[in-house]
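Q: Okay, here's the structure, questions in a sec.
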Amino acid sequence: MALSISPSAVAPSSATCGALIHGIDLRDITTALAEEIRAIWLKHKVVAFPDQTLTLEQYEHLATFFGPFGQDPFFKSLPGHPHVAEIRREPDEKTPLFAEGFHSDWSFLEKPPAMTMLYGRVIPPMGGDTLYSDQVAAYDALSDEMKEKLEGLIGIHSARRGYSRAGQYGEKDVGRSMAIVYDDKALATQLHPLVLTHPETGLKTLFLSPGYTIGIDGMEENEAQKLLFELYAYQSSEPFIYRHLWSEGMVTMWDNRSLIHAATGGYDGYQRVLQRITLAPRA
Ligand code: SIN
């Protein structure tokens, strides 16, 4: 069958992850096109489609081709759109930047989202880039000694640093325009291996982040924190980073199993609004 996306329409970044896909109108999504996109997405880990003109309904419809909707704890969804949340910052907002620490979305869930989609609605003229760090490349570049050390270790994930009452977006977080709902349910913990085998590519990937990994199961606290801090610094270091630049109308899809990501600032005085959908793993 003829492919809808020609190889020349895919422009990889100069980093180990990230690609722009040109010439596709996502309103024309079909099962066959979604499978092509999925293959390119699995290879590049984060792909972006510039200049899309989707209504919210069309955006939700697009998402249904990539998996069942995921759970979105701690976000109030857009009215009438239970699966869409807004990443928003107003021009005069003074709260600490949302999601500035590296994380893999909702990794504290039993089944974290496979894909996150973000649709750029209002993009500031400068700043507000998203940093992605390639955790397959990071795992590959580990020393054999470190690979051996991490084998079998289980990370403890929790949303507590962000979303508990005492967390960064908790009761002291006043004046934030994003609809975040803190809750002490965020104190719960969930175990995931520090090294995952990606269920679709079979590649090994580091699965931890400063955002949500708070300990290592069965390891003494000081020893665990020392190892985690070493890994946090390593996993977000320059060789693995792709800096994604947004434009209005761009739809981005990333793989939470093979990347961590972080927001950046630098757009004080300007509004930034993106609409987010998370998708659970395929059965
Ligand atoms: C997110 O982590 O979902 C938001 C990233 C961003 O605002 O750039």
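Residues in the structure tokens are named by chain (A, B, ... in the order shown) and by number from 1 within that chain; ligands are numbered from 1 in the order shown.
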What lies within 10 Å of Ser158 (chain A) using only C-alpha atoms, ignoring chain neighbours under 4 positions off, as a PyMOL selection string?
A: chain A and resi 106-109+162-164+185-191+211-215
Q: Let me see the file: selected residues, N, CA, C and O atoms, as a compact mmCIF listing (two decimals), in the first residue's frame.
A:
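Writing the result to part21.txt gives the following:
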```txt
# COMPACT_ATOMS: atom_id res chain seq x y z
N TRP A 106 3.04 11.29 34.49
CA TRP A 106 2.24 10.43 35.39
C TRP A 106 2.89 9.06 35.62
O TRP A 106 2.20 8.04 35.69
N SER A 107 4.20 9.04 35.79
CA SER A 107 4.88 7.74 35.95
C SER A 107 4.56 7.08 37.29
O SER A 107 4.92 5.93 37.51
N PHE A 108 3.84 7.82 38.14
CA PHE A 108 3.43 7.25 39.44
C PHE A 108 2.16 6.41 39.31
O PHE A 108 1.67 5.87 40.31
N LEU A 109 1.60 6.33 38.09
CA LEU A 109 0.43 5.47 37.90
C LEU A 109 0.88 4.02 37.70
O LEU A 109 2.01 3.76 37.28
N GLY A 162 4.93 17.12 43.66
CA GLY A 162 4.16 18.11 42.93
C GLY A 162 2.77 18.35 43.48
O GLY A 162 2.38 19.48 43.77
N TYR A 163 2.01 17.26 43.67
CA TYR A 163 0.56 17.40 43.76
C TYR A 163 -0.06 17.11 45.12
O TYR A 163 -1.27 17.13 45.26
N SER A 164 0.77 16.82 46.13
CA SER A 164 0.19 16.65 47.47
C SER A 164 -0.11 18.04 48.05
O SER A 164 0.34 19.06 47.50
N LYS A 185 -3.90 12.18 47.86
CA LYS A 185 -3.78 10.90 47.14
C LYS A 185 -2.42 10.84 46.44
O LYS A 185 -1.93 9.77 46.09
N ALA A 186 -1.83 12.02 46.25
CA ALA A 186 -0.50 12.10 45.60
C ALA A 186 0.59 11.47 46.47
O ALA A 186 1.70 11.23 45.99
N LEU A 187 0.29 11.18 47.72
CA LEU A 187 1.31 10.57 48.59
C LEU A 187 1.51 9.08 48.25
O LEU A 187 2.50 8.48 48.67
N ALA A 188 0.57 8.52 47.52
CA ALA A 188 0.67 7.09 47.17
C ALA A 188 1.94 6.81 46.37
O ALA A 188 2.50 7.72 45.74
N THR A 189 2.39 5.56 46.42
CA THR A 189 3.60 5.20 45.67
C THR A 189 3.30 4.04 44.71
O THR A 189 2.34 3.29 44.91
N GLN A 190 4.13 3.94 43.71
CA GLN A 190 3.98 2.91 42.68
C GLN A 190 5.38 2.46 42.26
O GLN A 190 6.26 3.30 42.08
N LEU A 191 5.58 1.17 42.11
CA LEU A 191 6.90 0.66 41.74
C LEU A 191 7.00 0.42 40.23
O LEU A 191 6.06 -0.10 39.63
N GLY A 211 11.23 14.35 38.81
CA GLY A 211 9.85 14.74 39.09
C GLY A 211 9.12 13.73 39.95
O GLY A 211 8.43 14.09 40.91
N TYR A 212 9.28 12.46 39.63
CA TYR A 212 8.41 11.46 40.25
C TYR A 212 9.11 10.28 40.92
O TYR A 212 8.43 9.48 41.56
N THR A 213 10.41 10.12 40.73
CA THR A 213 11.04 8.94 41.35
C THR A 213 11.66 9.36 42.68
O THR A 213 12.59 10.18 42.70
N ILE A 214 11.13 8.83 43.76
CA ILE A 214 11.51 9.34 45.09
C ILE A 214 12.38 8.37 45.87
O ILE A 214 12.87 8.70 46.95
N GLY A 215 12.60 7.18 45.38
CA GLY A 215 13.42 6.22 46.12
C GLY A 215 13.64 4.97 45.30
O GLY A 215 13.18 4.85 44.16
```
Q: Tell me, as a ChimeraX atom specification, which residues lie within 7 Å of Leu131 (chain A), counting only C-alpha atoms; anything in the same chain fewer than 2 positions away does not count.
A: /A:129,133,241-244,261-263
Q: Could you pull out the residues sitting within 10 Å of ligand 1, using only C-alpha atoms and all ligand atoms, and write them as a PyMOL selection string?
A: chain A and resi 85-89+97-106+116-118+120+127-132+244-246+260-265+272-278
Q: Next, write the just-selected residues to a file, as a PDB file, in the first residue's frame, keeping C-alpha atoms as the atom set.
A:
```pdb
ATOM      1  CA  ALA A  85      -6.239  19.514  30.006  1.00  0.00           C
ATOM      2  CA  GLU A  86      -4.667  22.886  29.456  1.00  0.00           C
ATOM      3  CA  ILE A  87      -1.048  23.827  30.094  1.00  0.00           C
ATOM      4  CA  ARG A  88      -1.520  27.551  30.606  1.00  0.00           C
ATOM      5  CA  ARG A  89       0.470  30.528  31.783  1.00  0.00           C
ATOM      6  CA  LEU A  97       6.946  27.524  36.052  1.00  0.00           C
ATOM      7  CA  PHE A  98       4.830  24.396  35.629  1.00  0.00           C
ATOM      8  CA  ALA A  99       6.727  21.140  34.876  1.00  0.00           C
ATOM      9  CA  GLU A 100      10.181  22.710  34.867  1.00  0.00           C
ATOM     10  CA  GLY A 101      11.689  19.550  36.365  1.00  0.00           C
ATOM     11  CA  PHE A 102      12.331  16.576  34.095  1.00  0.00           C
ATOM     12  CA  HIS A 103       9.656  13.886  34.259  1.00  0.00           C
ATOM     13  CA  SER A 104       7.859  11.193  32.322  1.00  0.00           C
ATOM     14  CA  ASP A 105       4.133  11.981  32.473  1.00  0.00           C
ATOM     15  CA  TRP A 106       2.237  10.434  35.390  1.00  0.00           C
ATOM     16  CA  THR A 116       1.270  12.480  25.404  1.00  0.00           C
ATOM     17  CA  MET A 117      -0.099  14.873  22.796  1.00  0.00           C
ATOM     18  CA  LEU A 118       0.223  18.628  23.114  1.00  0.00           C
ATOM     19  CA  GLY A 120       0.077  24.642  20.746  1.00  0.00           C
ATOM     20  CA  GLY A 127      11.081  31.051  25.112  1.00  0.00           C
ATOM     21  CA  GLY A 128       8.720  28.304  26.271  1.00  0.00           C
ATOM     22  CA  ASP A 129      10.656  25.543  24.479  1.00  0.00           C
ATOM     23  CA  THR A 130      10.197  21.979  25.729  1.00  0.00           C
ATOM     24  CA  LEU A 131      13.308  19.920  26.458  1.00  0.00           C
ATOM     25  CA  TYR A 132      13.192  16.204  25.723  1.00  0.00           C
ATOM     26  CA  HIS A 244      11.743  21.542  20.866  1.00  0.00           C
ATOM     27  CA  LEU A 245      10.639  24.928  19.520  1.00  0.00           C
ATOM     28  CA  TRP A 246       6.902  25.536  19.334  1.00  0.00           C
ATOM     29  CA  ILE A 260      11.734  12.491  29.925  1.00  0.00           C
ATOM     30  CA  HIS A 261      10.807  16.116  29.302  1.00  0.00           C
ATOM     31  CA  ALA A 262      10.792  19.525  30.977  1.00  0.00           C
ATOM     32  CA  ALA A 263       9.228  22.911  30.322  1.00  0.00           C
ATOM     33  CA  THR A 264      11.340  26.065  30.053  1.00  0.00           C
ATOM     34  CA  GLY A 265      10.527  29.728  30.678  1.00  0.00           C
ATOM     35  CA  ARG A 272       1.312  30.378  26.585  1.00  0.00           C
ATOM     36  CA  VAL A 273      -1.523  27.860  26.146  1.00  0.00           C
ATOM     37  CA  LEU A 274      -1.227  24.246  25.018  1.00  0.00           C
ATOM     38  CA  GLN A 275      -3.845  21.500  25.170  1.00  0.00           C
ATOM     39  CA  ARG A 276      -2.752  18.133  26.461  1.00  0.00           C
ATOM     40  CA  ILE A 277      -4.132  14.611  26.013  1.00  0.00           C
ATOM     41  CA  THR A 278      -2.503  11.521  27.483  1.00  0.00           C
TER      42      THR A 278
END
```
Q: Can you list, as a ChimeraX atom specification, every protein, DNA or RNA residue that comes within 12 Å of Glu171 (chain A) when you count only C-alpha atoms, leaving out same-chain residues fewer than 3 positions away?
A: /A:162-168,174-176,180-184
Q: Just list the residues in region 109-254 of chain A DSSP gives helix (DSSP H, G or I) on the backbone, as a short mmCIF file (atom, residue, chain, number, x, y, z; two decimals) with C-alpha atoms, in the first residue's frame.
A:
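Here's the written file selection-v2.cif:
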```cif
data_model
loop_
_atom_site.label_atom_id
_atom_site.label_comp_id
_atom_site.auth_asym_id
_atom_site.auth_seq_id
_atom_site.Cartn_x
_atom_site.Cartn_y
_atom_site.Cartn_z
CA GLN A 135 16.38 7.75 27.74
CA VAL A 136 17.14 4.95 25.28
CA ALA A 137 20.32 6.80 24.24
CA ALA A 138 21.04 7.50 27.92
CA TYR A 139 20.72 3.82 28.81
CA ASP A 140 22.89 2.77 25.84
CA ASP A 144 28.63 -1.79 31.61
CA GLU A 145 29.24 -1.48 35.34
CA MET A 146 26.30 0.92 35.79
CA LYS A 147 24.04 -1.20 33.56
CA GLU A 148 24.82 -4.15 35.80
CA LYS A 149 24.20 -2.10 38.95
CA LEU A 150 20.76 -0.96 37.70
CA ARG A 160 3.92 13.86 46.18
CA ARG A 161 6.63 16.40 45.25
CA GLY A 162 4.16 18.11 42.93
CA TYR A 163 0.56 17.40 43.76
CA ASP A 184 -3.02 13.89 49.36
CA LYS A 185 -3.78 10.90 47.14
CA ALA A 186 -0.50 12.10 45.60
CA LEU A 187 1.31 10.57 48.59
CA GLU A 221 17.63 5.92 51.86
CA ASN A 222 21.05 7.66 51.65
CA GLU A 223 22.40 5.14 49.20
CA ALA A 224 19.24 5.38 47.08
CA GLN A 225 19.25 9.19 47.03
CA LYS A 226 22.95 9.26 46.09
CA LEU A 227 22.33 6.92 43.16
CA LEU A 228 19.16 8.76 42.10
CA PHE A 229 20.89 12.17 42.14
CA GLU A 230 23.71 10.77 40.04
CA LEU A 231 21.16 9.35 37.58
CA TYR A 232 19.00 12.53 37.49
CA ALA A 233 22.06 14.57 36.44
CA TYR A 234 23.20 11.97 33.93
CA GLN A 235 19.83 11.30 32.29
CA GLU A 238 23.41 17.57 27.09
CA PRO A 239 24.18 14.60 24.79
CA PHE A 240 20.63 13.28 25.21
#
```
Q: Just the residues within 8 Å of Pro125 (chain A), please, counting only C-alpha atoms, with nothing from its chain fewer than 2 positions along; format it as a ChimeraX atom specification.
A: /A:123,127,267,270
Q: Just all heavy atoms for this one: save the residues we selected as a PDB file, in the first residue's frame.
A:
```pdb
ATOM      1  N   ILE A 123       1.318  30.568  21.512  1.00  0.00           N
ATOM      2  CA  ILE A 123       2.757  30.327  21.687  1.00  0.00           C
ATOM      3  C   ILE A 123       3.474  31.679  21.761  1.00  0.00           C
ATOM      4  O   ILE A 123       3.289  32.517  20.866  1.00  0.00           O
ATOM      5  CB  ILE A 123       3.303  29.479  20.506  1.00  0.00           C
ATOM      6  CG1 ILE A 123       2.575  28.115  20.440  1.00  0.00           C
ATOM      7  CG2 ILE A 123       4.820  29.274  20.618  1.00  0.00           C
ATOM      8  CD1 ILE A 123       2.721  27.237  21.666  1.00  0.00           C
ATOM      9  N   GLY A 127      11.106  31.886  23.906  1.00  0.00           N
ATOM     10  CA  GLY A 127      11.081  31.051  25.112  1.00  0.00           C
ATOM     11  C   GLY A 127       9.971  30.010  25.054  1.00  0.00           C
ATOM     12  O   GLY A 127       9.316  29.814  24.024  1.00  0.00           O
ATOM     13  N   TYR A 267       9.565  33.624  28.737  1.00  0.00           N
ATOM     14  CA  TYR A 267       8.511  34.320  27.977  1.00  0.00           C
ATOM     15  C   TYR A 267       7.644  35.192  28.874  1.00  0.00           C
ATOM     16  O   TYR A 267       6.456  35.399  28.590  1.00  0.00           O
ATOM     17  CB  TYR A 267       7.665  33.327  27.171  1.00  0.00           C
ATOM     18  CG  TYR A 267       6.991  32.233  27.987  1.00  0.00           C
ATOM     19  CD1 TYR A 267       5.671  32.364  28.420  1.00  0.00           C
ATOM     20  CD2 TYR A 267       7.674  31.072  28.309  1.00  0.00           C
ATOM     21  CE1 TYR A 267       5.052  31.361  29.152  1.00  0.00           C
ATOM     22  CE2 TYR A 267       7.075  30.065  29.043  1.00  0.00           C
ATOM     23  CZ  TYR A 267       5.763  30.209  29.460  1.00  0.00           C
ATOM     24  OH  TYR A 267       5.165  29.215  30.187  1.00  0.00           O
ATOM     25  N   TYR A 270       4.164  37.245  28.222  1.00  0.00           N
ATOM     26  CA  TYR A 270       3.388  36.650  27.129  1.00  0.00           C
ATOM     27  C   TYR A 270       2.575  35.464  27.647  1.00  0.00           C
ATOM     28  O   TYR A 270       3.001  34.770  28.578  1.00  0.00           O
ATOM     29  CB  TYR A 270       4.312  36.144  26.017  1.00  0.00           C
ATOM     30  CG  TYR A 270       5.020  37.266  25.317  1.00  0.00           C
ATOM     31  CD1 TYR A 270       6.306  37.629  25.709  1.00  0.00           C
ATOM     32  CD2 TYR A 270       4.393  37.979  24.290  1.00  0.00           C
ATOM     33  CE1 TYR A 270       6.958  38.681  25.083  1.00  0.00           C
ATOM     34  CE2 TYR A 270       5.039  39.017  23.662  1.00  0.00           C
ATOM     35  CZ  TYR A 270       6.323  39.368  24.061  1.00  0.00           C
ATOM     36  OH  TYR A 270       6.965  40.406  23.448  1.00  0.00           O
TER      37      TYR A 270
END
```
Q: Can you pull out the residues contacting Glu60 (chain A)? Cut-off 9 Å, using only C-alpha atoms, and skip same-chain residues under 2 positions away; I want them as a list in words.
A: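 The contact residues come out as Thr55, Leu56, Glu57, Gln58, Leu62, Ala63, Thr64, His81, His83, Val84 and Ile277 of chain A.
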Q: Tell me, as a list in words, which residues lie within 8 Å of Trp41 (chain A), counting only C-alpha atoms; anything in the same chain fewer than 4 positions away does not count.
A: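 The filter keeps Ile37, Lys45, Val46, Val47, Met253, Trp254 and Asp255 of chain A.
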Q: Write the residues of the selection above to a file with C-alpha atoms, as an mmCIF file, in the first residue's frame.
A:
```cif
data_model
loop_
_atom_site.group_PDB
_atom_site.id
_atom_site.type_symbol
_atom_site.label_atom_id
_atom_site.label_comp_id
_atom_site.auth_asym_id
_atom_site.auth_seq_id
_atom_site.Cartn_x
_atom_site.Cartn_y
_atom_site.Cartn_z
ATOM 1 C CA ILE A 37 2.823 7.996 12.264
ATOM 2 C CA LYS A 45 10.338 9.341 20.161
ATOM 3 C CA VAL A 46 8.867 12.831 19.743
ATOM 4 C CA VAL A 47 7.301 14.078 16.514
ATOM 5 C CA MET A 253 3.320 13.542 20.261
ATOM 6 C CA TRP A 254 5.925 12.018 22.535
ATOM 7 C CA ASP A 255 6.702 8.625 23.982
#
```
